[in-house]
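Just structure.csv here, CSV, C-alpha atoms:
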```csv
chain,number,residue,atom,x,y,z
A,926,MET,CA,-81.5,-22.6,-28.2
A,927,PRO,CA,-80.9,-25.3,-30.8
A,928,THR,CA,-80.9,-28.9,-29.8
A,929,ALA,CA,-78.8,-31.9,-31.0
A,930,THR,CA,-79.3,-35.6,-30.6
A,931,ILE,CA,-76.1,-37.0,-29.3
A,932,SER,CA,-75.7,-40.7,-28.4
A,933,GLY,CA,-79.4,-41.0,-28.6
A,934,GLN,CA,-80.0,-38.2,-26.2
A,935,GLU,CA,-81.4,-34.8,-26.9
A,936,VAL,CA,-79.2,-32.0,-25.6
A,937,THR,CA,-79.4,-28.2,-25.8
A,938,VAL,CA,-76.5,-26.5,-27.5
A,939,ASP,CA,-75.5,-22.9,-28.2
A,940,ASP,CA,-75.0,-21.5,-31.7
A,941,GLU,CA,-71.5,-23.0,-32.0
A,942,GLY,CA,-72.5,-26.4,-30.7
A,943,PHE,CA,-71.3,-26.3,-27.1
A,944,MET,CA,-73.7,-27.9,-24.6
A,945,THR,CA,-75.5,-25.4,-22.4
A,946,GLU,CA,-77.1,-27.7,-19.8
A,947,TYR,CA,-74.6,-29.1,-17.4
A,948,ASP,CA,-76.9,-31.9,-16.3
A,949,GLN,CA,-77.6,-33.2,-19.8
A,950,TRP,CA,-74.0,-34.5,-20.0
A,951,ASN,CA,-72.9,-38.0,-19.3
A,952,GLU,CA,-70.0,-40.2,-20.4
A,953,ASP,CA,-71.7,-41.5,-23.5
A,954,VAL,CA,-72.4,-38.0,-24.6
A,955,ALA,CA,-68.8,-37.1,-24.0
A,956,ALA,CA,-67.5,-40.0,-26.1
A,957,ALA,CA,-69.9,-39.1,-28.9
A,958,LEU,CA,-68.9,-35.4,-28.8
A,959,ALA,CA,-65.2,-36.4,-28.8
A,960,SER,CA,-65.6,-38.7,-31.8
A,961,GLN,CA,-67.3,-35.9,-33.7
A,962,ILE,CA,-64.1,-33.9,-33.5
A,963,GLY,CA,-61.8,-36.9,-34.1
A,964,ILE,CA,-60.8,-37.6,-30.5
A,965,ASP,CA,-60.8,-41.2,-29.1
A,966,LEU,CA,-61.1,-40.7,-25.4
A,967,GLY,CA,-58.4,-42.4,-23.3
A,968,GLU,CA,-57.4,-42.3,-19.6
A,969,GLY,CA,-55.6,-38.9,-19.9
A,970,HIS,CA,-58.7,-37.3,-21.6
A,971,TRP,CA,-61.0,-38.6,-18.9
A,972,GLN,CA,-58.7,-37.2,-16.2
A,973,VAL,CA,-58.9,-33.7,-17.8
A,974,ILE,CA,-62.7,-33.9,-18.5
A,975,LYS,CA,-63.5,-35.0,-15.0
A,976,PHE,CA,-61.4,-32.1,-13.6
A,977,LEU,CA,-63.2,-29.6,-15.9
A,978,ARG,CA,-66.6,-30.9,-14.8
A,979,GLU,CA,-65.8,-30.6,-11.1
A,980,ASP,CA,-64.0,-27.3,-11.4
A,981,TYR,CA,-66.8,-25.8,-13.4
A,982,LYS,CA,-69.3,-26.9,-10.8
A,983,GLU,CA,-67.3,-25.4,-8.0
A,984,GLN,CA,-66.1,-22.2,-9.7
A,985,GLY,CA,-69.0,-21.5,-12.0
A,986,GLU,CA,-66.7,-20.9,-15.0
A,987,THR,CA,-64.6,-23.0,-17.3
A,988,PRO,CA,-60.9,-23.1,-16.3
A,989,MET,CA,-58.2,-21.8,-18.6
A,990,LEU,CA,-55.4,-24.1,-19.7
A,991,ARG,CA,-53.0,-23.0,-17.0
A,992,ARG,CA,-55.4,-23.9,-14.2
A,993,VAL,CA,-56.1,-27.2,-15.9
A,994,ALA,CA,-52.4,-28.0,-16.2
A,995,ASN,CA,-51.7,-27.0,-12.6
A,996,MET,CA,-54.6,-28.7,-11.0
A,997,SER,CA,-55.6,-31.7,-13.1
A,998,GLY,CA,-52.2,-33.4,-13.0
A,999,VAL,CA,-52.0,-33.3,-16.8
A,1000,SER,CA,-49.2,-31.0,-18.0
A,1001,THR,CA,-49.4,-28.3,-20.7
A,1002,LYS,CA,-47.4,-30.4,-23.1
A,1003,GLU,CA,-49.7,-33.4,-22.6
A,1004,LEU,CA,-52.8,-31.2,-23.0
A,1005,PHE,CA,-51.7,-30.1,-26.4
A,1006,LEU,CA,-51.1,-33.8,-27.4
A,1007,LEU,CA,-54.5,-35.0,-26.0
A,1008,PHE,CA,-56.5,-32.1,-27.5
A,1009,PRO,CA,-54.5,-30.9,-30.5
A,1010,LYS,CA,-54.4,-27.3,-31.7
A,1011,LYS,CA,-57.1,-25.7,-29.6
A,1012,PRO,CA,-57.0,-27.7,-26.3
A,1013,ALA,CA,-59.0,-25.3,-24.1
A,1014,LYS,CA,-62.0,-25.2,-26.4
A,1015,LYS,CA,-61.9,-28.8,-27.3
A,1016,MET,CA,-61.8,-30.1,-23.8
A,1017,ALA,CA,-64.6,-27.7,-22.8
A,1018,TYR,CA,-66.7,-29.0,-25.7
A,1019,ILE,CA,-66.3,-32.6,-24.7
A,1020,ALA,CA,-66.8,-31.9,-21.0
A,1021,GLY,CA,-70.1,-30.2,-21.7
A,1022,VAL,CA,-69.1,-26.9,-20.2
A,1023,PRO,CA,-69.0,-23.4,-21.9
A,1024,LYS,CA,-66.1,-22.2,-24.0
A,1025,PRO,CA,-63.6,-20.6,-21.6
A,1026,HIS,CA,-63.5,-16.8,-21.6
A,1027,GLY,CA,-60.4,-15.9,-19.6
A,1028,CYS,CA,-57.2,-14.5,-21.1
A,1029,VAL,CA,-54.6,-16.8,-19.5
B,1336,MET,CA,-84.0,-44.7,-39.3
B,1337,THR,CA,-82.1,-43.6,-36.3
B,1338,THR,CA,-78.6,-44.6,-35.8
B,1339,ALA,CA,-77.0,-45.1,-32.4
B,1340,GLN,CA,-75.0,-42.0,-32.7
B,1341,GLU,CA,-77.0,-39.5,-34.6
B,1342,ALA,CA,-75.1,-36.5,-35.8
B,1343,PRO,CA,-75.8,-33.3,-33.9
B,1344,SER,CA,-77.0,-30.3,-35.8
B,1345,ILE,CA,-73.9,-28.2,-35.0
B,1346,ILE,CA,-70.3,-29.2,-34.5
B,1347,PRO,CA,-68.0,-26.3,-33.5
B,1348,ASP,CA,-65.4,-25.4,-36.0
B,1349,PHE,CA,-62.0,-26.1,-34.4
B,1350,GLY,CA,-60.2,-25.4,-37.6
B,1351,ASP,CA,-58.8,-28.9,-37.8
B,1352,ASP,CA,-59.7,-29.2,-41.5
B,1353,GLU,CA,-58.2,-26.0,-42.5
B,1354,ASP,CA,-54.6,-26.1,-43.6
B,1355,THR,CA,-53.9,-22.7,-42.1
B,1356,ASP,CA,-50.5,-21.2,-42.4
B,1357,ARG,CA,-51.2,-18.4,-40.0
B,1358,LYS,CA,-48.1,-17.6,-38.0
B,1359,ILE,CA,-47.5,-14.9,-35.4
B,1360,CYS,CA,-44.1,-13.4,-34.4
B,1361,PHE,CA,-43.8,-11.1,-31.4
B,1362,ILE,CA,-40.8,-8.8,-30.8
B,1363,ALA,CA,-40.5,-8.4,-27.1
B,1364,SER,CA,-38.3,-5.3,-26.6
B,1365,LYS,CA,-39.1,-4.2,-23.1
B,1366,GLY,CA,-38.1,-5.5,-19.7
B,1367,THR,CA,-40.4,-3.6,-17.4
B,1368,LEU,CA,-43.0,-5.8,-15.7
B,1369,ASP,CA,-46.0,-4.0,-17.3
B,1370,MET,CA,-44.5,-4.3,-20.8
B,1371,VAL,CA,-43.5,-7.9,-20.8
B,1372,TYR,CA,-47.0,-9.2,-20.2
B,1373,PRO,CA,-48.6,-8.1,-23.5
B,1374,SER,CA,-46.5,-10.3,-25.7
B,1375,LEU,CA,-46.6,-13.2,-23.3
B,1376,VAL,CA,-50.4,-13.1,-22.9
B,1377,MET,CA,-51.0,-12.8,-26.6
B,1378,ALA,CA,-48.4,-15.5,-27.6
B,1379,ASN,CA,-50.0,-17.8,-25.1
B,1380,ALA,CA,-53.5,-17.1,-26.5
B,1381,ALA,CA,-52.2,-17.7,-30.1
B,1382,LEU,CA,-50.7,-21.0,-29.1
B,1383,GLY,CA,-54.0,-22.0,-27.5
B,1384,GLU,CA,-55.6,-21.4,-30.9
B,1385,GLY,CA,-53.2,-23.7,-32.7
B,1386,ILE,CA,-51.2,-20.9,-34.3
B,1387,GLU,CA,-47.5,-21.2,-34.9
B,1388,THR,CA,-46.0,-18.6,-32.5
B,1389,HIS,CA,-42.5,-17.1,-32.1
B,1390,ILE,CA,-41.1,-14.5,-29.7
B,1391,PHE,CA,-37.9,-12.6,-30.5
B,1392,PHE,CA,-36.5,-11.1,-27.4
B,1393,THR,CA,-34.4,-8.0,-27.9
B,1394,PHE,CA,-32.8,-5.2,-25.9
B,1395,TRP,CA,-34.4,-5.2,-22.4
B,1396,GLY,CA,-36.9,-7.8,-23.5
B,1397,LEU,CA,-33.9,-10.2,-23.3
B,1398,ASP,CA,-34.3,-10.1,-19.5
B,1399,ILE,CA,-37.4,-12.2,-19.9
B,1400,ILE,CA,-35.4,-15.2,-21.0
B,1401,THR,CA,-32.1,-14.7,-19.0
B,1402,LYS,CA,-31.7,-16.9,-15.9
B,1403,LYS,CA,-30.4,-14.0,-13.8
B,1404,HIS,CA,-33.2,-11.5,-14.5
B,1405,GLN,CA,-36.4,-13.2,-15.5
B,1406,ASP,CA,-37.7,-13.5,-11.9
B,1407,ASP,CA,-36.7,-10.0,-11.0
B,1408,LEU,CA,-38.4,-7.7,-13.5
B,1409,GLN,CA,-39.6,-4.3,-12.0
B,1410,PHE,CA,-42.4,-1.9,-12.5
B,1411,THR,CA,-42.1,1.9,-12.2
B,1412,TRP,CA,-44.5,4.6,-13.2
B,1413,MET,CA,-41.6,7.0,-13.9
B,1414,GLY,CA,-42.4,8.6,-17.2
B,1415,ASN,CA,-45.9,7.1,-17.3
B,1416,THR,CA,-48.1,10.1,-16.9
B,1417,ALA,CA,-51.2,7.9,-17.2
B,1418,MET,CA,-50.4,6.2,-13.9
B,1419,HIS,CA,-53.3,6.1,-11.4
B,1420,PRO,CA,-54.1,3.7,-8.6
B,1421,PRO,CA,-56.2,0.7,-9.6
B,1422,GLY,CA,-59.7,1.9,-10.1
B,1423,GLY,CA,-58.8,5.4,-9.0
B,1424,LYS,CA,-58.9,8.7,-10.8
B,1425,VAL,CA,-56.1,10.5,-9.0
B,1426,HIS,CA,-52.9,10.8,-11.0
B,1427,MET,CA,-49.8,9.6,-9.2
B,1428,PRO,CA,-47.2,12.4,-9.1
B,1429,GLN,CA,-44.2,11.7,-11.3
B,1430,GLY,CA,-41.8,12.9,-8.6
B,1431,ALA,CA,-43.1,10.3,-6.2
B,1432,ALA,CA,-42.0,7.5,-8.6
B,1433,GLY,CA,-38.4,8.5,-8.0
B,1434,LEU,CA,-38.5,8.2,-4.3
B,1435,PRO,CA,-36.2,5.5,-2.9
B,1436,GLY,CA,-38.1,2.2,-2.5
B,1437,MET,CA,-41.0,3.2,-4.7
B,1438,THR,CA,-40.2,0.9,-7.6
B,1439,ARG,CA,-40.1,-2.0,-5.1
B,1440,ILE,CA,-43.5,-1.1,-3.7
B,1441,ALA,CA,-45.0,-0.5,-7.2
B,1442,THR,CA,-43.6,-3.8,-8.4
B,1443,LYS,CA,-45.0,-5.7,-5.4
B,1444,MET,CA,-48.4,-4.2,-6.0
B,1445,MET,CA,-48.5,-5.0,-9.7
B,1446,LYS,CA,-47.3,-8.6,-9.0
B,1447,ARG,CA,-50.1,-9.0,-6.5
B,1448,GLN,CA,-52.7,-7.7,-9.0
B,1449,ILE,CA,-51.4,-10.1,-11.7
B,1450,ALA,CA,-51.5,-13.0,-9.3
B,1451,ASP,CA,-55.0,-12.2,-8.2
B,1452,LEU,CA,-56.0,-12.8,-11.8
B,1453,ASP,CA,-54.4,-16.2,-11.7
B,1454,VAL,CA,-51.9,-15.1,-14.3
B,1455,PRO,CA,-48.4,-16.6,-13.7
B,1456,GLU,CA,-45.2,-14.8,-12.9
B,1457,VAL,CA,-42.8,-14.4,-15.8
B,1458,PRO,CA,-40.6,-17.6,-15.4
B,1459,GLU,CA,-43.7,-19.9,-15.2
B,1460,PHE,CA,-45.4,-18.0,-18.0
B,1461,VAL,CA,-42.3,-18.4,-20.3
B,1462,GLN,CA,-42.1,-22.1,-19.4
B,1463,MET,CA,-45.8,-22.5,-20.2
B,1464,ILE,CA,-45.4,-20.9,-23.6
B,1465,SER,CA,-42.5,-23.1,-24.4
B,1466,ASP,CA,-44.5,-26.2,-23.3
B,1467,ALA,CA,-47.3,-25.1,-25.5
B,1468,GLY,CA,-44.9,-25.2,-28.5
B,1469,GLY,CA,-43.9,-21.5,-28.6
B,1470,HIS,CA,-40.5,-20.7,-30.2
B,1471,LEU,CA,-38.2,-18.5,-28.2
B,1472,TRP,CA,-35.4,-16.6,-29.8
B,1473,ALA,CA,-32.7,-14.4,-28.4
B,1474,CYS,CA,-31.4,-11.3,-30.3
B,1475,LYS,CA,-27.7,-11.7,-31.2
B,1476,MET,CA,-26.9,-8.0,-31.0
B,1477,THR,CA,-28.4,-7.7,-27.5
B,1478,VAL,CA,-26.6,-10.8,-26.3
B,1479,ASP,CA,-23.3,-9.4,-27.7
B,1480,MET,CA,-24.0,-6.0,-26.3
B,1481,MET,CA,-24.6,-7.3,-22.8
B,1482,GLY,CA,-21.7,-9.7,-22.9
B,1483,LEU,CA,-23.9,-12.8,-22.6
B,1484,THR,CA,-23.8,-16.3,-24.0
B,1485,LYS,CA,-26.4,-19.1,-24.6
B,1486,GLU,CA,-25.5,-20.3,-21.1
B,1487,ASP,CA,-27.0,-17.2,-19.6
B,1488,MET,CA,-30.3,-17.9,-21.3
B,1489,ILE,CA,-33.0,-20.3,-20.0
B,1490,ASP,CA,-32.9,-23.8,-21.6
B,1491,GLU,CA,-36.1,-23.2,-23.5
B,1492,VAL,CA,-34.4,-20.6,-25.8
B,1493,GLU,CA,-33.9,-22.3,-29.2
B,1494,ASP,CA,-31.1,-20.1,-30.4
B,1495,ILE,CA,-29.4,-16.8,-30.6
B,1496,ILE,CA,-30.3,-15.3,-33.9
B,1497,SER,CA,-29.5,-12.2,-35.9
B,1498,ALA,CA,-32.0,-9.6,-37.2
B,1499,THR,CA,-31.6,-11.1,-40.6
B,1500,ASP,CA,-32.5,-14.5,-39.3
B,1501,PHE,CA,-35.6,-13.1,-37.7
B,1502,ILE,CA,-36.7,-11.4,-40.9
B,1503,GLU,CA,-36.3,-14.7,-42.6
B,1504,LEU,CA,-38.2,-16.8,-40.1
B,1505,SER,CA,-41.0,-14.3,-39.9
B,1506,GLU,CA,-41.7,-14.4,-43.6
B,1507,GLY,CA,-45.5,-14.5,-44.1
B,1508,ALA,CA,-46.1,-14.0,-40.4
B,1509,GLN,CA,-48.0,-11.4,-38.6
B,1510,VAL,CA,-45.4,-9.4,-36.7
B,1511,ILE,CA,-46.2,-7.6,-33.5
B,1512,PHE,CA,-43.7,-5.3,-31.8
B,1513,THR,CA,-44.1,-4.8,-28.1
```
Can the structure from this file be put into structure tokens for me?
Amino acid sequence: MPTATISGQEVTVDDEGFMTEYDQWNEDVAAALASQIGIDLGEGHWQVIKFLREDYKEQGETPMLRRVANMSGVSTKELFLLFPKKPAKKMAYIAGVPKPHGCV
Amino acid sequence: MTTAQEAPSIIPDFGDDEDTDRKICFIASKGTLDMVYPSLVMANAALGEGIETHIFFTFWGLDIITKKHQDDLQFTWMGNTAMHPPGGKVHMPQGAAGLPGMTRIATKMMKRQIADLDVPEVPEFVQMISDAGGHLWACKMTVDMMGLTKEDMIDEVEDIISATDFIELSEGAQVIFT
């Protein structure tokens, strides 16, 4: 597995750059990852990212957009504004969880 | 020298820099429960990938966006000789599909299987696609044939358009008929 230095911290990533170790993540890492893809984290982003972290921990898989919209309190429309174009992948990347694999 | 935020070796390609003109248009022509999901699932996936997505609802597919029908689509295995129970190898007799009440039972079963996958029912799914920026179009010929107006459609429908309008708007798009 390749590693990357993010916010002064060494993290393990997969071939695409998604973090592979849940516990290597922290808020500084998230902010650094977000800035790398042009996102400045605000309140709405954090609400989503925290939901993703908790849900992944409980369910063992990254939630798809519908689940995020229904359970995080941030609507589908807002998700597309916060994480433009590819929201599901971008939020997973920032939250340090694997890319989602579901269909819906 | 190490900077405070050293660049990682790999940043995923989210396609933000590409000026893609990829566009997908689905033609949804069926109104049976099992045949409405393919276009909805794929349209939703395309939107999640940042692709401009349109769905043109025609013939029985129009039921997907009419207020009266969208929550009441049915499934039957009449005419579907491939039908077998989930995971089973036994073929369901065609004659049994025609028994009174069988469509209701088969519909209920399929709805449960879909819900088990955490996939929404049709009205919520269509709403979700619209919220994600999907464009929904009703077919003029079908609307006229069924004696409907824009009022009969859900609010998310952008317009009632002709076949020619659809051909124009789908220029350069990947068109998928379902």
Compute the chain B side of the contact with chain A at 12 Å, counting all atoms listed in the file, and hand it back as a ChimeraX atom specification. /B:1337-1355,1372-1373,1375-1387,1449-1450,1452-1456,1459-1460,1462-1469
Those same residues - C-alpha atoms - I'd like them written as a PDB file, in the frame of the given file.
```pdb
ATOM      1  CA  THR B1337     -82.100 -43.600 -36.300  1.00  0.00           C
ATOM      2  CA  THR B1338     -78.600 -44.600 -35.800  1.00  0.00           C
ATOM      3  CA  ALA B1339     -77.000 -45.100 -32.400  1.00  0.00           C
ATOM      4  CA  GLN B1340     -75.000 -42.000 -32.700  1.00  0.00           C
ATOM      5  CA  GLU B1341     -77.000 -39.500 -34.600  1.00  0.00           C
ATOM      6  CA  ALA B1342     -75.100 -36.500 -35.800  1.00  0.00           C
ATOM      7  CA  PRO B1343     -75.800 -33.300 -33.900  1.00  0.00           C
ATOM      8  CA  SER B1344     -77.000 -30.300 -35.800  1.00  0.00           C
ATOM      9  CA  ILE B1345     -73.900 -28.200 -35.000  1.00  0.00           C
ATOM     10  CA  ILE B1346     -70.300 -29.200 -34.500  1.00  0.00           C
ATOM     11  CA  PRO B1347     -68.000 -26.300 -33.500  1.00  0.00           C
ATOM     12  CA  ASP B1348     -65.400 -25.400 -36.000  1.00  0.00           C
ATOM     13  CA  PHE B1349     -62.000 -26.100 -34.400  1.00  0.00           C
ATOM     14  CA  GLY B1350     -60.200 -25.400 -37.600  1.00  0.00           C
ATOM     15  CA  ASP B1351     -58.800 -28.900 -37.800  1.00  0.00           C
ATOM     16  CA  ASP B1352     -59.700 -29.200 -41.500  1.00  0.00           C
ATOM     17  CA  GLU B1353     -58.200 -26.000 -42.500  1.00  0.00           C
ATOM     18  CA  ASP B1354     -54.600 -26.100 -43.600  1.00  0.00           C
ATOM     19  CA  THR B1355     -53.900 -22.700 -42.100  1.00  0.00           C
ATOM     20  CA  TYR B1372     -47.000  -9.200 -20.200  1.00  0.00           C
ATOM     21  CA  PRO B1373     -48.600  -8.100 -23.500  1.00  0.00           C
ATOM     22  CA  LEU B1375     -46.600 -13.200 -23.300  1.00  0.00           C
ATOM     23  CA  VAL B1376     -50.400 -13.100 -22.900  1.00  0.00           C
ATOM     24  CA  MET B1377     -51.000 -12.800 -26.600  1.00  0.00           C
ATOM     25  CA  ALA B1378     -48.400 -15.500 -27.600  1.00  0.00           C
ATOM     26  CA  ASN B1379     -50.000 -17.800 -25.100  1.00  0.00           C
ATOM     27  CA  ALA B1380     -53.500 -17.100 -26.500  1.00  0.00           C
ATOM     28  CA  ALA B1381     -52.200 -17.700 -30.100  1.00  0.00           C
ATOM     29  CA  LEU B1382     -50.700 -21.000 -29.100  1.00  0.00           C
ATOM     30  CA  GLY B1383     -54.000 -22.000 -27.500  1.00  0.00           C
ATOM     31  CA  GLU B1384     -55.600 -21.400 -30.900  1.00  0.00           C
ATOM     32  CA  GLY B1385     -53.200 -23.700 -32.700  1.00  0.00           C
ATOM     33  CA  ILE B1386     -51.200 -20.900 -34.300  1.00  0.00           C
ATOM     34  CA  GLU B1387     -47.500 -21.200 -34.900  1.00  0.00           C
ATOM     35  CA  ILE B1449     -51.400 -10.100 -11.700  1.00  0.00           C
ATOM     36  CA  ALA B1450     -51.500 -13.000  -9.300  1.00  0.00           C
ATOM     37  CA  LEU B1452     -56.000 -12.800 -11.800  1.00  0.00           C
ATOM     38  CA  ASP B1453     -54.400 -16.200 -11.700  1.00  0.00           C
ATOM     39  CA  VAL B1454     -51.900 -15.100 -14.300  1.00  0.00           C
ATOM     40  CA  PRO B1455     -48.400 -16.600 -13.700  1.00  0.00           C
ATOM     41  CA  GLU B1456     -45.200 -14.800 -12.900  1.00  0.00           C
ATOM     42  CA  GLU B1459     -43.700 -19.900 -15.200  1.00  0.00           C
ATOM     43  CA  PHE B1460     -45.400 -18.000 -18.000  1.00  0.00           C
ATOM     44  CA  GLN B1462     -42.100 -22.100 -19.400  1.00  0.00           C
ATOM     45  CA  MET B1463     -45.800 -22.500 -20.200  1.00  0.00           C
ATOM     46  CA  ILE B1464     -45.400 -20.900 -23.600  1.00  0.00           C
ATOM     47  CA  SER B1465     -42.500 -23.100 -24.400  1.00  0.00           C
ATOM     48  CA  ASP B1466     -44.500 -26.200 -23.300  1.00  0.00           C
ATOM     49  CA  ALA B1467     -47.300 -25.100 -25.500  1.00  0.00           C
ATOM     50  CA  GLY B1468     -44.900 -25.200 -28.500  1.00  0.00           C
ATOM     51  CA  GLY B1469     -43.900 -21.500 -28.600  1.00  0.00           C
TER      52      GLY B1469
END
```
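From atom CA of B:Asp1500 back to atom CA of B:Thr1484, the distance works out to 17.7 Å.
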Near stretch 1356-1371 of chain B, within 7 Å and counting all atoms listed in the file, which residues show up once chain neighbours fewer than 4 positions away are dropped, as a PyMOL selection string? chain B and resi 1375+1386-1396+1398-1399+1408-1410+1505+1508-1513
Calculate how many Å separate atom CA of B:Lys1403 from atom CA of B:Asp1451, rounding to one decimal. 25.3 Å
Please indicate the distance in Å from atom CA of A:Pro1023 to atom CA of B:Ser1374, rounded to one decimal place. 26.3 Å
Contacts of B:Lys1475 within 6 Å, all atoms listed in the file, excl. fewer than 6 positions in-chain, as a ChimeraX atom specification: /B:1495-1497
Answer as number ranges by chain, residues within 8 Å of (-72.9, -26.6, -17.4) using only C-alpha atoms: A: 944-948, 981-982, 1021-1023
Could you name the residues that touch A:Glu979 at 12 Å or less, counting all atoms listed in the file, but leaving out those on the same chain fewer than 4 positions away, as an MDAnalysis selection string? chainID A and resid 947 972:975 983:988 993 996:997 1020:1022
Choose the residue, out of B:Glu1486, B:Gln1448, B:Val1478, B:Asp1494, that has the smallest atom-to-atom separation from B:Gly1422; count only C-alpha atoms.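 Checking each of B:Glu1486, B:Gln1448, B:Val1478, B:Asp1494 against B:Gly1422, counting only C-alpha atoms, the winner is B:Gln1448.
Comparing the minimum interatomic distances between A:Phe976 and each of A:Ala1017, A:Leu1007, A:Ala955, A:Ile964, counting only C-alpha atoms, we find that A:Ala1017 sits nearest.
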Taking 4 positions as the minimum chain separation for residues in the same chain, which residues sit within 12 Å of B:Lys1485 when counting all atoms listed in the file? Answer as a count of residues only. 19
Long-range neighbours of stretch 1413-1418 of chain B as a ChimeraX atom specification, 9 Å cut-off, all atoms listed in the file, 5 positions minimum in chain: /B:1425-1433,1438
Save the residues we just selected, C-alpha atoms, as a PDB file, in the frame of the given file?
```pdb
ATOM      1  CA  VAL B1425     -56.100  10.500  -9.000  1.00  0.00           C
ATOM      2  CA  HIS B1426     -52.900  10.800 -11.000  1.00  0.00           C
ATOM      3  CA  MET B1427     -49.800   9.600  -9.200  1.00  0.00           C
ATOM      4  CA  PRO B1428     -47.200  12.400  -9.100  1.00  0.00           C
ATOM      5  CA  GLN B1429     -44.200  11.700 -11.300  1.00  0.00           C
ATOM      6  CA  GLY B1430     -41.800  12.900  -8.600  1.00  0.00           C
ATOM      7  CA  ALA B1431     -43.100  10.300  -6.200  1.00  0.00           C
ATOM      8  CA  ALA B1432     -42.000   7.500  -8.600  1.00  0.00           C
ATOM      9  CA  GLY B1433     -38.400   8.500  -8.000  1.00  0.00           C
ATOM     10  CA  THR B1438     -40.200   0.900  -7.600  1.00  0.00           C
TER      11      THR B1438
END
```
Please write out, as lines of an AutoDock Vina configuration file, where the centre of an axis-aligned box around all listed atoms of stretch 1459-1469 of chain B lies and how long its edges are, in Å to one decimal, after adding 6 Å on each side.
```
center_x = -44.7
center_y = -22.1
center_z = -21.9
size_x = 17.2
size_y = 20.2
size_z = 25.4
```
Reconstructed stretch 1440-1452 of chain B, atom set N, CA, C and O atoms, as a PDB file, keeping the file's coordinate frame:
```pdb
ATOM      1  N   ILE B1440     -42.078  -1.063  -4.175  1.00  0.00           N
ATOM      2  CA  ILE B1440     -43.500  -1.100  -3.700  1.00  0.00           C
ATOM      3  C   ILE B1440     -44.428  -1.254  -4.929  1.00  0.00           C
ATOM      4  O   ILE B1440     -45.343  -2.074  -4.913  1.00  0.00           O
ATOM      5  N   ALA B1441     -44.160  -0.471  -5.987  1.00  0.00           N
ATOM      6  CA  ALA B1441     -45.000  -0.500  -7.200  1.00  0.00           C
ATOM      7  C   ALA B1441     -44.954  -1.903  -7.822  1.00  0.00           C
ATOM      8  O   ALA B1441     -45.969  -2.449  -8.285  1.00  0.00           O
ATOM      9  N   THR B1442     -43.761  -2.499  -7.834  1.00  0.00           N
ATOM     10  CA  THR B1442     -43.600  -3.800  -8.400  1.00  0.00           C
ATOM     11  C   THR B1442     -44.379  -4.869  -7.622  1.00  0.00           C
ATOM     12  O   THR B1442     -45.078  -5.721  -8.183  1.00  0.00           O
ATOM     13  N   LYS B1443     -44.282  -4.756  -6.308  1.00  0.00           N
ATOM     14  CA  LYS B1443     -45.000  -5.700  -5.400  1.00  0.00           C
ATOM     15  C   LYS B1443     -46.497  -5.613  -5.666  1.00  0.00           C
ATOM     16  O   LYS B1443     -47.194  -6.618  -5.756  1.00  0.00           O
ATOM     17  N   MET B1444     -46.970  -4.368  -5.775  1.00  0.00           N
ATOM     18  CA  MET B1444     -48.400  -4.200  -6.000  1.00  0.00           C
ATOM     19  C   MET B1444     -48.868  -4.772  -7.305  1.00  0.00           C
ATOM     20  O   MET B1444     -49.892  -5.446  -7.383  1.00  0.00           O
ATOM     21  N   MET B1445     -48.082  -4.502  -8.355  1.00  0.00           N
ATOM     22  CA  MET B1445     -48.500  -5.000  -9.700  1.00  0.00           C
ATOM     23  C   MET B1445     -48.430  -6.539  -9.692  1.00  0.00           C
ATOM     24  O   MET B1445     -49.314  -7.188 -10.258  1.00  0.00           O
ATOM     25  N   LYS B1446     -47.413  -7.120  -9.052  1.00  0.00           N
ATOM     26  CA  LYS B1446     -47.300  -8.600  -9.000  1.00  0.00           C
ATOM     27  C   LYS B1446     -48.518  -9.191  -8.323  1.00  0.00           C
ATOM     28  O   LYS B1446     -49.030 -10.233  -8.726  1.00  0.00           O
ATOM     29  N   ARG B1447     -48.970  -8.496  -7.271  1.00  0.00           N
ATOM     30  CA  ARG B1447     -50.100  -9.000  -6.500  1.00  0.00           C
ATOM     31  C   ARG B1447     -51.382  -8.951  -7.422  1.00  0.00           C
ATOM     32  O   ARG B1447     -52.179  -9.886  -7.462  1.00  0.00           O
ATOM     33  N   GLN B1448     -51.539  -7.833  -8.130  1.00  0.00           N
ATOM     34  CA  GLN B1448     -52.700  -7.700  -9.000  1.00  0.00           C
ATOM     35  C   GLN B1448     -52.712  -8.781 -10.090  1.00  0.00           C
ATOM     36  O   GLN B1448     -53.754  -9.336 -10.425  1.00  0.00           O
ATOM     37  N   ILE B1449     -51.534  -9.075 -10.633  1.00  0.00           N
ATOM     38  CA  ILE B1449     -51.400 -10.100 -11.700  1.00  0.00           C
ATOM     39  C   ILE B1449     -51.743 -11.471 -11.101  1.00  0.00           C
ATOM     40  O   ILE B1449     -52.480 -12.252 -11.696  1.00  0.00           O
ATOM     41  N   ALA B1450     -51.204 -11.734  -9.913  1.00  0.00           N
ATOM     42  CA  ALA B1450     -51.500 -13.000  -9.300  1.00  0.00           C
ATOM     43  C   ALA B1450     -52.933 -13.211  -8.941  1.00  0.00           C
ATOM     44  O   ALA B1450     -53.481 -14.313  -9.045  1.00  0.00           O
ATOM     45  N   ASP B1451     -53.591 -12.098  -8.554  1.00  0.00           N
ATOM     46  CA  ASP B1451     -55.000 -12.200  -8.200  1.00  0.00           C
ATOM     47  C   ASP B1451     -55.842 -12.636  -9.430  1.00  0.00           C
ATOM     48  O   ASP B1451     -56.931 -13.182  -9.268  1.00  0.00           O
ATOM     49  N   LEU B1452     -55.330 -12.383 -10.625  1.00  0.00           N
ATOM     50  CA  LEU B1452     -56.000 -12.800 -11.800  1.00  0.00           C
ATOM     51  C   LEU B1452     -55.699 -14.233 -12.221  1.00  0.00           C
ATOM     52  O   LEU B1452     -56.119 -14.723 -13.264  1.00  0.00           O
TER      53      LEU B1452
END
```
